[in-house]
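Note: the block below is coords-v1.txt and it holds compact mmCIF, C-alpha atoms.
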# COMPACT_ATOMS: atom_id res chain seq x y z
CA MET A 30 -3.42 20.81 -39.50
CA GLN A 31 0.15 20.30 -38.38
CA VAL A 32 1.66 17.46 -36.37
CA SER A 33 2.12 19.89 -33.46
CA ASP A 34 -1.64 20.53 -33.38
CA VAL A 35 -2.30 16.80 -32.92
CA VAL A 36 0.39 16.61 -30.23
CA LYS A 37 -1.29 19.44 -28.30
CA ALA A 38 -4.86 18.21 -28.73
CA LEU A 39 -4.12 14.63 -27.64
CA ASN A 40 -1.32 15.42 -25.20
CA LEU A 41 1.13 13.15 -27.02
CA LYS A 42 4.71 12.60 -25.95
CA VAL A 43 7.35 13.74 -28.47
CA PHE A 44 10.21 11.20 -28.46
CA SER A 45 12.20 12.54 -31.39
CA GLY A 46 12.16 14.39 -34.70
CA LYS A 47 11.07 17.69 -33.14
CA SER A 48 12.14 19.64 -36.20
CA GLY A 49 9.37 17.89 -38.13
CA LEU A 50 6.52 18.98 -35.86
CA ASN A 51 5.41 21.54 -38.44
CA ARG A 52 4.71 18.83 -41.04
CA GLU A 53 1.22 18.96 -42.51
CA VAL A 54 -1.10 16.09 -41.58
CA ASP A 55 -3.20 14.58 -44.36
CA GLY A 56 -5.14 11.66 -42.89
CA GLY A 57 -3.75 8.58 -41.23
CA TYR A 58 -2.96 4.92 -41.58
CA VAL A 59 -3.12 2.13 -38.99
CA SER A 60 -1.22 -1.13 -39.38
CA ASP A 61 1.52 -3.13 -37.67
CA LEU A 62 2.60 -4.94 -40.82
CA LEU A 63 5.30 -2.79 -42.35
CA SER A 64 4.88 -4.45 -45.73
CA ASP A 65 1.26 -3.28 -45.68
CA VAL A 66 2.17 0.27 -44.65
CA MET A 67 4.73 0.42 -47.42
CA GLY A 68 2.06 -0.54 -49.94
CA HIS A 69 -0.94 1.44 -48.71
CA SER A 70 -0.10 4.51 -46.64
CA ASP A 71 -0.07 7.94 -48.28
CA THR A 72 2.16 11.00 -48.06
CA GLY A 73 1.31 13.16 -45.04
CA ASN A 74 -0.38 10.35 -43.08
CA LEU A 75 -0.06 9.93 -39.35
CA TRP A 76 0.91 6.29 -38.79
CA VAL A 77 -0.37 4.61 -35.63
CA THR A 78 1.50 1.40 -34.73
CA LEU A 79 3.03 -0.69 -31.96
CA GLN A 80 6.13 -1.59 -33.98
CA ASN A 81 9.26 0.21 -32.75
CA HIS A 82 11.96 -1.36 -34.92
CA LYS A 83 14.20 0.92 -36.97
CA ASN A 84 12.57 -0.20 -40.23
CA VAL A 85 9.54 1.86 -39.15
CA MET A 86 11.56 5.01 -39.85
CA ALA A 87 12.77 3.78 -43.22
CA ILE A 88 9.17 3.26 -44.31
CA ALA A 89 8.01 6.59 -42.86
CA SER A 90 10.77 8.29 -44.82
CA LEU A 91 10.09 6.39 -48.04
CA LYS A 92 6.37 7.20 -47.87
CA GLU A 93 6.95 10.77 -46.58
CA LEU A 94 4.61 10.25 -43.64
CA ALA A 95 3.89 13.16 -41.29
CA ALA A 96 4.65 11.35 -38.01
CA ILE A 97 4.53 8.01 -36.21
CA ILE A 98 2.44 7.45 -33.08
CA LEU A 99 3.45 4.56 -30.83
CA VAL A 100 0.60 3.25 -28.68
CA LYS A 101 0.31 1.63 -25.23
CA GLY A 102 3.37 3.38 -23.79
CA ILE A 103 5.75 1.66 -26.23
CA GLU A 104 9.01 3.55 -26.76
CA PRO A 105 11.18 3.61 -29.89
CA GLU A 106 14.37 1.54 -29.96
CA ALA A 107 17.53 3.67 -29.71
CA ASP A 108 18.48 3.51 -33.39
CA THR A 109 14.87 4.17 -34.42
CA LEU A 110 14.95 7.36 -32.39
CA GLU A 111 18.24 8.45 -33.91
CA GLN A 112 16.93 7.98 -37.43
CA SER A 113 13.78 9.94 -36.60
CA ASN A 114 15.92 12.93 -35.69
CA GLN A 115 17.93 12.59 -38.90
CA GLU A 116 14.86 12.24 -41.09
CA GLN A 117 12.99 14.98 -39.21
CA ILE A 118 9.90 12.80 -38.94
CA PRO A 119 8.57 12.89 -35.37
CA ILE A 120 7.95 9.78 -33.29
CA LEU A 121 5.14 10.46 -30.83
CA GLY A 122 3.83 8.35 -27.99
CA THR A 123 0.71 7.75 -25.96
CA ASP A 124 -0.45 5.38 -23.23
CA MET A 125 -3.75 4.97 -25.09
CA GLU A 126 -4.52 1.81 -27.04
CA THR A 127 -4.83 1.99 -30.81
CA PHE A 128 -8.65 1.96 -30.87
CA GLU A 129 -8.91 4.93 -28.54
CA VAL A 130 -6.19 7.12 -30.01
CA VAL A 131 -7.33 6.51 -33.58
CA GLY A 132 -10.90 7.47 -32.65
CA LYS A 133 -9.67 10.74 -31.23
CA ILE A 134 -7.44 11.51 -34.21
CA TYR A 135 -10.29 10.79 -36.61
CA GLN A 136 -12.58 13.21 -34.78
CA LEU A 137 -9.89 15.85 -34.62
CA ILE A 138 -9.02 15.68 -38.31
CA ASN A 139 -12.65 15.59 -39.45
CA SER A 140 -14.08 18.23 -37.11
CA MET B 1 34.94 -32.86 -49.15
CA GLN B 2 31.55 -34.33 -49.72
CA THR B 3 28.02 -33.14 -50.34
CA TYR B 4 25.67 -33.44 -47.38
CA ARG B 5 21.93 -32.91 -47.28
CA ALA B 6 20.48 -30.80 -44.47
CA ASP B 7 16.88 -29.99 -43.52
CA LEU B 8 17.23 -27.27 -40.90
CA HIS B 9 13.57 -26.50 -40.18
CA ILE B 10 11.54 -29.34 -38.66
CA HIS B 11 8.71 -29.09 -36.12
CA THR B 12 7.72 -31.89 -33.75
CA VAL B 13 4.62 -32.85 -31.83
CA LEU B 14 5.69 -30.20 -29.30
CA SER B 15 4.69 -27.39 -31.66
CA PRO B 16 0.94 -26.90 -31.29
CA CYS B 17 0.61 -27.05 -35.07
CA GLY B 18 2.91 -30.09 -35.32
CA ASP B 19 1.05 -33.28 -36.20
CA LEU B 20 0.76 -35.98 -33.52
CA GLU B 21 2.73 -38.29 -35.83
CA MET B 22 5.75 -35.96 -35.48
CA SER B 23 7.35 -38.01 -32.72
CA PRO B 24 11.12 -38.09 -32.25
CA ARG B 25 11.39 -41.64 -33.54
CA ASN B 26 9.21 -41.05 -36.61
CA ILE B 27 11.16 -37.91 -37.54
CA VAL B 28 14.50 -39.69 -37.33
CA GLU B 29 13.23 -42.65 -39.35
CA GLN B 30 11.79 -40.41 -42.04
CA ALA B 31 15.04 -38.40 -42.26
CA LYS B 32 16.96 -41.67 -42.64
CA ALA B 33 14.61 -42.91 -45.36
CA ARG B 34 15.17 -39.67 -47.27
CA ASN B 35 18.97 -39.86 -46.89
CA ILE B 36 19.19 -36.61 -44.95
CA ASP B 37 22.53 -36.17 -43.17
CA ILE B 38 21.70 -33.21 -40.90
CA ILE B 39 18.39 -32.18 -39.34
CA ALA B 40 17.63 -29.21 -37.09
CA ILE B 41 14.76 -29.48 -34.63
CA THR B 42 13.00 -26.13 -34.60
CA ASP B 43 9.76 -26.06 -32.65
CA HIS B 44 8.00 -22.74 -32.11
CA ASN B 45 9.78 -20.97 -29.24
CA SER B 46 11.14 -24.21 -27.77
CA THR B 47 14.33 -26.25 -27.97
CA LEU B 48 13.10 -29.03 -25.68
CA HIS B 49 12.84 -31.88 -28.19
CA GLY B 50 16.42 -31.52 -29.50
CA PRO B 51 18.21 -33.83 -27.03
CA VAL B 52 15.94 -36.88 -27.37
CA ILE B 53 16.07 -36.65 -31.16
CA ARG B 54 19.86 -36.36 -31.14
CA LYS B 55 20.02 -39.48 -28.96
CA LEU B 56 17.83 -41.44 -31.37
CA ALA B 57 19.56 -40.14 -34.51
CA GLU B 58 23.18 -40.68 -33.49
CA PRO B 59 23.22 -44.48 -34.01
CA LEU B 60 21.81 -43.93 -37.52
CA GLY B 61 24.56 -41.49 -38.43
CA ILE B 62 22.26 -38.46 -38.64
CA THR B 63 23.53 -35.21 -37.15
CA VAL B 64 20.97 -33.32 -35.07
CA ILE B 65 21.29 -29.58 -34.56
CA PHE B 66 19.44 -28.01 -31.63
CA GLY B 67 17.27 -25.00 -32.24
CA ALA B 68 13.97 -23.19 -32.23
CA GLU B 69 11.87 -21.19 -34.62
CA VAL B 70 11.37 -18.10 -32.51
CA THR B 71 8.67 -15.49 -33.01
CA THR B 72 10.27 -12.10 -32.50
CA ARG B 73 8.44 -9.17 -30.92
CA GLU B 74 7.73 -7.98 -34.48
CA GLU B 75 6.20 -11.44 -35.17
CA ALA B 76 8.88 -12.46 -37.64
CA HIS B 77 9.81 -16.16 -37.49
CA CYS B 78 13.56 -16.82 -37.23
CA LEU B 79 15.52 -20.05 -36.95
CA CYS B 80 18.04 -20.03 -34.08
CA LEU B 81 20.43 -23.00 -34.26
CA PHE B 82 22.92 -24.37 -31.72
CA ASP B 83 25.57 -27.06 -31.44
CA THR B 84 25.93 -27.97 -27.77
CA GLU B 85 23.59 -28.86 -24.92
CA ALA B 86 25.02 -25.97 -22.87
CA GLN B 87 24.13 -23.47 -25.63
CA ARG B 88 20.68 -25.01 -25.99
CA GLN B 89 19.96 -24.69 -22.27
CA LYS B 90 21.09 -21.06 -22.17
CA PHE B 91 18.91 -20.20 -25.14
CA GLN B 92 15.96 -22.07 -23.60
CA ASP B 93 16.41 -19.93 -20.44
CA TYR B 94 16.30 -16.82 -22.65
CA ILE B 95 13.07 -18.03 -24.28
CA ASN B 96 11.50 -18.86 -20.90
CA LEU B 97 12.33 -15.38 -19.66
CA ASN B 98 10.75 -13.68 -22.68
CA LEU B 99 7.72 -15.84 -23.58
CA PRO B 100 4.45 -14.32 -22.33
CA ASN B 101 2.72 -16.52 -19.76
CA ILE B 102 -0.50 -16.99 -21.73
CA PRO B 103 -1.82 -20.56 -21.46
CA ASN B 104 -2.30 -22.70 -24.56
CA ASP B 105 -5.82 -23.74 -25.47
CA PRO B 106 -5.31 -27.16 -27.09
CA LYS B 107 -8.80 -27.05 -28.65
CA ASN B 108 -7.82 -24.07 -30.78
CA PHE B 109 -4.08 -24.45 -31.22
CA GLY B 110 -3.27 -28.14 -30.64
CA TYR B 111 -1.35 -29.99 -27.93
CA GLN B 112 2.15 -29.00 -26.78
CA VAL B 113 3.72 -32.16 -25.41
CA VAL B 114 7.28 -33.25 -24.66
CA VAL B 115 7.77 -36.98 -25.20
CA ASP B 116 10.58 -39.47 -24.65
CA GLU B 117 12.17 -41.83 -27.18
CA ASN B 118 9.23 -44.25 -26.76
CA ASP B 119 6.60 -41.58 -27.42
CA GLU B 120 5.61 -41.52 -23.74
CA ILE B 121 4.40 -38.06 -22.72
CA LEU B 122 6.75 -36.52 -20.16
CA GLU B 123 5.29 -33.06 -19.87
CA GLU B 124 2.65 -30.76 -21.32
CA ILE B 125 3.92 -27.21 -21.88
CA GLU B 126 1.56 -24.61 -20.47
CA PRO B 127 2.37 -21.25 -22.16
CA LEU B 128 1.24 -20.93 -25.77
CA LEU B 129 4.38 -21.46 -27.84
CA ILE B 130 3.27 -19.60 -30.95
CA ASN B 131 3.14 -16.26 -29.13
CA ALA B 132 5.68 -13.53 -29.85
CA LEU B 133 8.60 -13.16 -27.46
CA LYS B 134 8.85 -9.85 -25.64
CA VAL B 135 12.19 -9.08 -27.31
CA GLY B 136 12.87 -7.69 -30.76
CA ILE B 137 14.71 -9.26 -33.68
CA SER B 138 18.00 -7.39 -33.05
CA ASP B 139 18.13 -8.50 -29.42
CA ILE B 140 17.46 -12.11 -30.40
CA GLU B 141 20.07 -12.05 -33.18
CA GLN B 142 22.68 -10.70 -30.76
CA THR B 143 21.81 -13.31 -28.12
CA VAL B 144 22.07 -16.16 -30.63
CA HIS B 145 25.46 -14.97 -31.85
CA MET B 146 26.75 -14.33 -28.33
CA LEU B 147 25.98 -17.99 -27.56
CA GLY B 148 27.77 -19.12 -30.76
CA GLY B 149 24.62 -20.04 -32.67
CA LEU B 150 23.31 -19.43 -36.18
CA PHE B 151 20.56 -16.92 -36.92
CA ILE B 152 18.43 -17.53 -40.03
CA PRO B 153 15.21 -15.58 -40.71
CA ALA B 154 12.63 -18.18 -41.81
CA HIS B 155 10.55 -18.28 -45.03
CA ILE B 156 11.32 -14.60 -45.63
CA ASP B 157 9.10 -14.33 -48.68
CA ARG B 158 5.94 -15.71 -47.08
CA PRO B 159 3.06 -13.23 -46.59
CA ARG B 160 2.69 -14.06 -42.88
CA PHE B 161 5.15 -14.15 -39.97
CA SER B 162 8.14 -13.36 -42.14
CA ILE B 163 10.74 -10.65 -41.76
CA ILE B 164 9.52 -9.05 -44.99
CA SER B 165 5.79 -9.16 -44.13
CA GLN B 166 6.43 -7.75 -40.65
CA LEU B 167 9.30 -5.33 -41.25
CA GLY B 168 8.82 -4.50 -44.94
CA PHE B 169 12.37 -5.48 -45.90
CA VAL B 170 15.41 -7.16 -44.39
CA PRO B 171 17.04 -4.60 -42.04
CA PRO B 172 20.40 -3.73 -43.63
CA ASP B 173 22.37 -4.09 -40.39
CA LEU B 174 20.84 -7.41 -39.31
CA LYS B 175 23.62 -10.00 -38.98
CA PHE B 176 21.97 -13.12 -40.38
CA ASP B 177 23.92 -16.26 -41.32
CA ALA B 178 21.53 -17.17 -44.13
CA LEU B 179 18.01 -16.41 -45.29
CA GLU B 180 15.50 -19.22 -45.67
CA ILE B 181 13.22 -18.87 -48.69
CA PHE B 182 9.95 -20.68 -49.39
CA TRP B 183 10.41 -23.99 -51.21
CA LYS B 184 8.56 -22.82 -54.32
CA THR B 185 10.51 -19.58 -54.63
CA ASN B 186 12.99 -18.96 -57.40
CA PRO B 187 16.06 -17.36 -55.76
CA SER B 188 16.59 -14.97 -58.64
CA ASP B 189 13.09 -13.54 -58.05
CA ILE B 190 13.96 -12.75 -54.42
CA LEU B 191 17.25 -11.17 -55.41
CA SER B 192 15.68 -8.98 -58.06
CA GLN B 193 12.80 -7.89 -55.79
CA HIS B 194 15.19 -7.14 -52.94
CA SER B 195 18.22 -5.85 -54.80
CA TYR B 196 19.62 -4.27 -51.61
CA LEU B 197 20.52 -7.78 -50.45
CA LYS B 198 24.17 -8.18 -51.36
CA ASN B 199 24.78 -11.79 -52.31
CA PRO B 200 23.03 -13.37 -49.31
CA THR B 201 23.26 -17.09 -48.56
CA LEU B 202 19.86 -18.53 -49.43
CA ILE B 203 18.69 -21.93 -48.21
CA LYS B 204 15.51 -24.01 -48.37
CA ASN B 205 14.12 -26.36 -45.74
CA SER B 206 10.96 -28.41 -45.33
CA ASP B 207 9.35 -26.51 -42.40
CA ALA B 208 7.81 -29.93 -41.78
CA HIS B 209 4.69 -30.11 -39.63
CA PHE B 210 3.64 -33.52 -40.97
CA ILE B 211 5.81 -36.63 -41.13
CA GLU B 212 5.82 -37.00 -44.90
CA GLN B 213 7.29 -33.49 -45.18
CA VAL B 214 10.47 -34.29 -43.21
CA GLY B 215 13.42 -34.05 -45.60
CA GLU B 216 11.13 -33.45 -48.58
CA ILE B 217 12.86 -30.10 -49.07
CA PHE B 218 16.54 -29.78 -48.17
CA THR B 219 19.69 -27.88 -49.08
CA SER B 220 22.97 -29.55 -50.08
CA TYR B 221 26.25 -28.34 -48.62
CA GLN B 222 29.83 -29.10 -49.58
CA MET B 223 31.69 -29.85 -46.35
CA ALA B 224 34.39 -32.07 -44.84
CA GLU B 225 31.98 -33.68 -42.36
CA PRO B 226 28.35 -33.24 -41.25
CA THR B 227 28.94 -31.04 -38.21
CA PHE B 228 27.67 -27.72 -36.91
CA ASN B 229 31.10 -26.10 -37.39
CA GLU B 230 31.33 -27.25 -40.98
CA LEU B 231 27.79 -26.07 -41.64
CA THR B 232 28.69 -22.65 -40.22
CA LYS B 233 31.64 -22.45 -42.62
CA ALA B 234 29.48 -23.57 -45.55
CA LEU B 235 26.91 -20.85 -44.87
CA LYS B 236 29.73 -18.29 -44.82
CA GLY B 237 31.44 -19.85 -47.85
CA GLU B 238 34.72 -20.33 -45.95
CA ASP B 239 37.61 -22.74 -46.63
CA GLY B 240 36.01 -24.25 -49.70
CA ARG B 241 32.83 -25.11 -47.83
CA ARG B 242 29.69 -23.84 -49.56
CA VAL B 243 26.01 -24.17 -50.26
CA VAL B 244 25.66 -26.39 -53.31
CA GLY B 245 21.96 -25.88 -53.94
CA PHE B 246 18.44 -27.03 -53.26
Could you render the structure as structure tokens?
Amino acid sequence: MQVSDVVKALNLKVFSGKSGLNREVDGGYVSDLLSDVMGHSDTGNLWVTLQNHKNVMAIASLKELAAIILVKGIEPEADTLEQSNQEQIPILGTDMETFEVVGKIYQLINS
Amino acid sequence: MQTYRADLHIHTVLSPCGDLEMSPRNIVEQAKARNIDIIAITDHNSTLHGPVIRKLAEPLGITVIFGAEVTTREEAHCLCLFDTEAQRQKFQDYINLNLPNIPNDPKNFGYQVVVDENDEILEEIEPLLINALKVGISDIEQTVHMLGGLFIPAHIDRPRFSIISQLGFVPPDLKFDALEIFWKTNPSDILSQHSYLKNPTLIKNSDAHFIEQVGEIFTSYQMAEPTFNELTKALKGEDGRRVVGF
């Protein structure tokens, strides 16, 4: 499954990093503590968070994550968005809360 | 030049987690007993107790710096320090504008009271002060510097509410004036774990919530006099002013 498949299925907004929409998705990770994500996420994960600081992109890049999903209508800060384009790791958005969007992603990936 | 002792992270009874003994008078007396020259009053998301403590401390020759320990949107605690009453009021306005209006529950979090120099309660603060502000760390840093203040991420190596726990590492473009490390931490450990930090100014403070902690941990600075301007120079290592150690 590619990031673009998740975007279509859940009607996610694509803020940035469009050239990375063909990245392969291999599971996901949910946390708002970046130190925790750095330690425990895996390559190819979708990362669901409410943090929009630029460090989010640095960690996504370091861990080679597939994409970031911002919940509750939160938008990336300007420099976060810029780095997403450079790194070609998409930042996606939804108005859903974490619980709801993660439930849907889990079903989608495991169906 | 002389060496001055400063404890730049002290809570008062206004912080919900601050002990009831943390009254302005008790804090000043404890700082005096410990021979501390400069104290900064840094309640969670509030600068309101600075003026009364400065008034009480002045006759004893203790310099009081205004400030707050703000919780950024990312939930990283940062010390924001100011010299003048005008700066303090402007920063308090900024906090008021950005603190969510969620009422404190004293049973769970503790009381949030403003008192006068005789420990008489003047006001109880309604919104919960330990909440995160609606603004992010970069916005807060820029606001502090625009007002002429000092911006110091607090206890950066703690596993909760620190810039490293919340953001993974210190953002390379963040313009901090110093980094506060936990009192037990060996600075060389921090510098080796975070080798991207290029010779940062590291300081230690008490983060006192209980009266016996005031001035227990401090940093010594070489300066001409115990003022905010001299402290600013010492943190930057300018004109022979410098951090001596902790």
Sort by chain and increasing residue number a table of all residues of chain A within 12 Å of chain B, each with its closest pair of atoms and their distance in Å to one decimal, counting all atoms listed in the file, and write it as a tab-separated table.
residue	atom	partner	partner_atom	distance
A:Ser60	CA	B:Gln166	CA	10.2
A:Asp61	CA	B:Gln166	CA	7.4
A:Leu62	CA	B:Gln166	CA	4.8
A:Leu63	CA	B:Gly168	CA	4.7
A:Ser64	CA	B:Gly168	CA	4.0
A:Asp65	CA	B:Ser165	CA	7.6
A:Val66	CA	B:Gly168	CA	8.2
A:Met67	CA	B:Gly168	CA	6.9
A:Gly68	CA	B:Gly168	CA	9.3
A:Thr78	CA	B:Glu74	CA	11.3
A:Leu79	CA	B:Glu74	CA	9.0
A:Gln80	CA	B:Glu74	CA	6.6
A:Asn81	CA	B:Glu74	CA	8.5
A:His82	CA	B:Gly136	CA	7.6
A:Lys83	CA	B:Pro171	CA	8.0
A:Asn84	CA	B:Leu167	CA	6.2
A:Val85	CA	B:Leu167	CA	7.5
A:Met86	CA	B:Leu167	CA	10.7
A:Ala87	CA	B:Gly168	CA	9.3
A:Ile88	CA	B:Gly168	CA	7.8
A:Ala89	CA	B:Gly168	CA	11.3
A:Leu91	CA	B:Gly168	CA	11.4
A:Ile103	CA	B:Lys134	CA	11.9
A:Pro105	CA	B:Gly136	CA	11.5
A:Glu106	CA	B:Gly136	CA	9.4
A:Ala107	CA	B:Ser138	CA	11.6
A:Asp108	CA	B:Ser138	CA	10.9
A:Thr109	CA	B:Pro171	CA	11.8
Minimum-distance residue to Gly57 in chain A, chosen among A:Asn139, A:Asn74, A:Gln117, A:Thr127 (using only C-alpha atoms):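 Comparing A:Asn139, A:Asn74, A:Gln117, A:Thr127 against Gly57 in chain A, the winner is A:Asn74.
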Set up a box along x, y and z of the file covering all listed atoms of range 44-60 of chain A, add 5 Å on every one of the six sides, and write the centre and edge lengths in Å to one decimal, as JSON.
{"center_x": 3.5, "center_y": 10.2, "center_z": -36.4, "size_x": 27.3, "size_y": 32.7, "size_z": 25.9}
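Of note, CA of Lys92 in chain A and CA of Tyr135 in chain A are spaced 20.4 Å apart.
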Computed gap from CA of Ile118 in chain A to CA of Asp55 in chain A is 14.3 Å
Enter the distance from CA of Gln222 in chain B to CA of Asp157 in chain B, in Å, rounded to one decimal.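 CA of Asp157 in chain B lies at a distance of 25.5 Å from CA of Gln222 in chain B.
With all atoms listed in the file as the atoms that count, the minimum distance from Leu110 in chain A to the choices A:Val43, A:Val59, A:Val131, A:Ala38 is reached by A:Val43.
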Distance query range 102-106 of chain B at most 7 Å, all atoms listed in the file, self and fewer than 3 positions along chain excluded, as a compact mmCIF listing (two decimals) with C-alpha atoms, keeping the file's coordinate frame:
# COMPACT_ATOMS: atom_id res chain seq x y z
CA PHE B 109 -4.08 -24.45 -31.22
CA GLY B 110 -3.27 -28.14 -30.64
CA TYR B 111 -1.35 -29.99 -27.93
CA GLU B 126 1.56 -24.61 -20.47
CA PRO B 127 2.37 -21.25 -22.16
CA LEU B 128 1.24 -20.93 -25.77
Could you pull the residues within 12 Å of Gly73 in chain A, counting only C-alpha atoms, minus those fewer than 5 positions along the same chain, as a list in words?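 Answer for this query is Met30, Gln31, Val32, Gly49, Asn51, Arg52, Glu53, Val54, Asp55, Gly56, Gly57, Tyr58, Ala89, Ser90, Leu91, Lys92, Glu93, Leu94, Ala95, Ala96, Ile97 and Ile118 of chain A.
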Using all atoms listed in the file, pick whichever of B:Asp239, B:Glu69, B:Asp119, B:Asp43 has the shortest atom-to-atom distance to Asn26 in chain B. B:Asp119
Here's a test: counting all atoms listed in the file, identify every protein, DNA and RNA residue with an atom at most 8 Å from (12.7, -29.4, -50.0) in the file's coordinate frame, and state them as a PDB file with C-alpha atoms, in the coordinates of the input.
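Just written: point_2.pdb:
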ATOM      1  CA  ASP B   7      16.880 -29.990 -43.520  1.00  0.00           C
ATOM      2  CA  TRP B 183      10.410 -23.990 -51.210  1.00  0.00           C
ATOM      3  CA  LYS B 204      15.510 -24.010 -48.370  1.00  0.00           C
ATOM      4  CA  ASN B 205      14.120 -26.360 -45.740  1.00  0.00           C
ATOM      5  CA  SER B 206      10.960 -28.410 -45.330  1.00  0.00           C
ATOM      6  CA  GLY B 215      13.420 -34.050 -45.600  1.00  0.00           C
ATOM      7  CA  GLU B 216      11.130 -33.450 -48.580  1.00  0.00           C
ATOM      8  CA  ILE B 217      12.860 -30.100 -49.070  1.00  0.00           C
ATOM      9  CA  PHE B 218      16.540 -29.780 -48.170  1.00  0.00           C
ATOM     10  CA  THR B 219      19.690 -27.880 -49.080  1.00  0.00           C
ATOM     11  CA  PHE B 246      18.440 -27.030 -53.260  1.00  0.00           C
TER      12      PHE B 246
END
Can you tell me which residues surround Pro24 in chain B at a distance of at most 7 Å, considering only C-alpha atoms, apart from same-chain residues fewer than 5 positions away, and format the answer as a tab-separated table (two decimals) with C-alpha atoms, in the coordinates of the input?
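Output below, filename out_4.tsv:
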chain	number	residue	atom	x	y	z
B	52	VAL	CA	15.94	-36.88	-27.37
B	53	ILE	CA	16.07	-36.65	-31.16
B	117	GLU	CA	12.17	-41.83	-27.18
Check which residues of range 139-202 of chain B sit at most 10 Å from range 58-68 of chain B using only C-alpha atoms, and return one row each with the closest pair of atoms and their distance in Å to one decimal, ordered by chain and rising number, as JSON lines.
{"residue": "B:Gly149", "atom": "CA", "partner": "B:Gly67", "partner_atom": "CA", "distance": 8.9}
{"residue": "B:Leu150", "atom": "CA", "partner": "B:Gly67", "partner_atom": "CA", "distance": 9.1}
{"residue": "B:Phe151", "atom": "CA", "partner": "B:Gly67", "partner_atom": "CA", "distance": 9.9}
Complete the atoms of range 114-126 of chain B to N, CA, C and O atoms and put them out as a compact mmCIF listing (two decimals), keeping the file's coordinate frame.
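See result27.txt below for the written result:
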# COMPACT_ATOMS: atom_id res chain seq x y z
N VAL B 114 5.92 -32.73 -24.58
CA VAL B 114 7.28 -33.25 -24.66
C VAL B 114 7.19 -34.75 -24.43
O VAL B 114 6.55 -35.18 -23.47
N VAL B 115 7.82 -35.52 -25.33
CA VAL B 115 7.77 -36.98 -25.20
C VAL B 115 9.18 -37.55 -25.10
O VAL B 115 10.16 -36.86 -25.41
N ASP B 116 9.27 -38.83 -24.69
CA ASP B 116 10.58 -39.47 -24.65
C ASP B 116 10.78 -40.30 -25.92
O ASP B 116 9.96 -40.24 -26.84
N GLU B 117 11.87 -41.11 -25.94
CA GLU B 117 12.17 -41.83 -27.18
C GLU B 117 11.13 -42.90 -27.50
O GLU B 117 11.10 -43.43 -28.61
N ASN B 118 10.29 -43.26 -26.51
CA ASN B 118 9.23 -44.25 -26.76
C ASN B 118 7.86 -43.61 -26.92
O ASN B 118 6.83 -44.28 -26.77
N ASP B 119 7.84 -42.33 -27.21
CA ASP B 119 6.60 -41.58 -27.42
C ASP B 119 5.75 -41.45 -26.15
O ASP B 119 4.56 -41.16 -26.23
N GLU B 120 6.35 -41.73 -25.00
CA GLU B 120 5.61 -41.52 -23.74
C GLU B 120 5.64 -40.03 -23.41
O GLU B 120 6.70 -39.40 -23.47
N ILE B 121 4.47 -39.49 -23.03
CA ILE B 121 4.40 -38.06 -22.72
C ILE B 121 5.06 -37.79 -21.38
O ILE B 121 4.73 -38.40 -20.36
N LEU B 122 6.05 -36.89 -21.39
CA LEU B 122 6.75 -36.52 -20.16
C LEU B 122 6.15 -35.27 -19.53
O LEU B 122 6.16 -35.11 -18.32
N GLU B 123 5.67 -34.37 -20.38
CA GLU B 123 5.29 -33.06 -19.87
C GLU B 123 4.39 -32.38 -20.91
O GLU B 123 4.58 -32.56 -22.11
N GLU B 124 3.42 -31.61 -20.42
CA GLU B 124 2.65 -30.76 -21.32
C GLU B 124 3.07 -29.32 -21.04
O GLU B 124 3.10 -28.91 -19.88
N ILE B 125 3.42 -28.58 -22.08
CA ILE B 125 3.92 -27.21 -21.88
C ILE B 125 2.74 -26.26 -21.81
O ILE B 125 1.89 -26.24 -22.70
N GLU B 126 2.72 -25.47 -20.76
CA GLU B 126 1.56 -24.61 -20.47
C GLU B 126 1.49 -23.35 -21.37
O GLU B 126 0.48 -23.12 -22.03
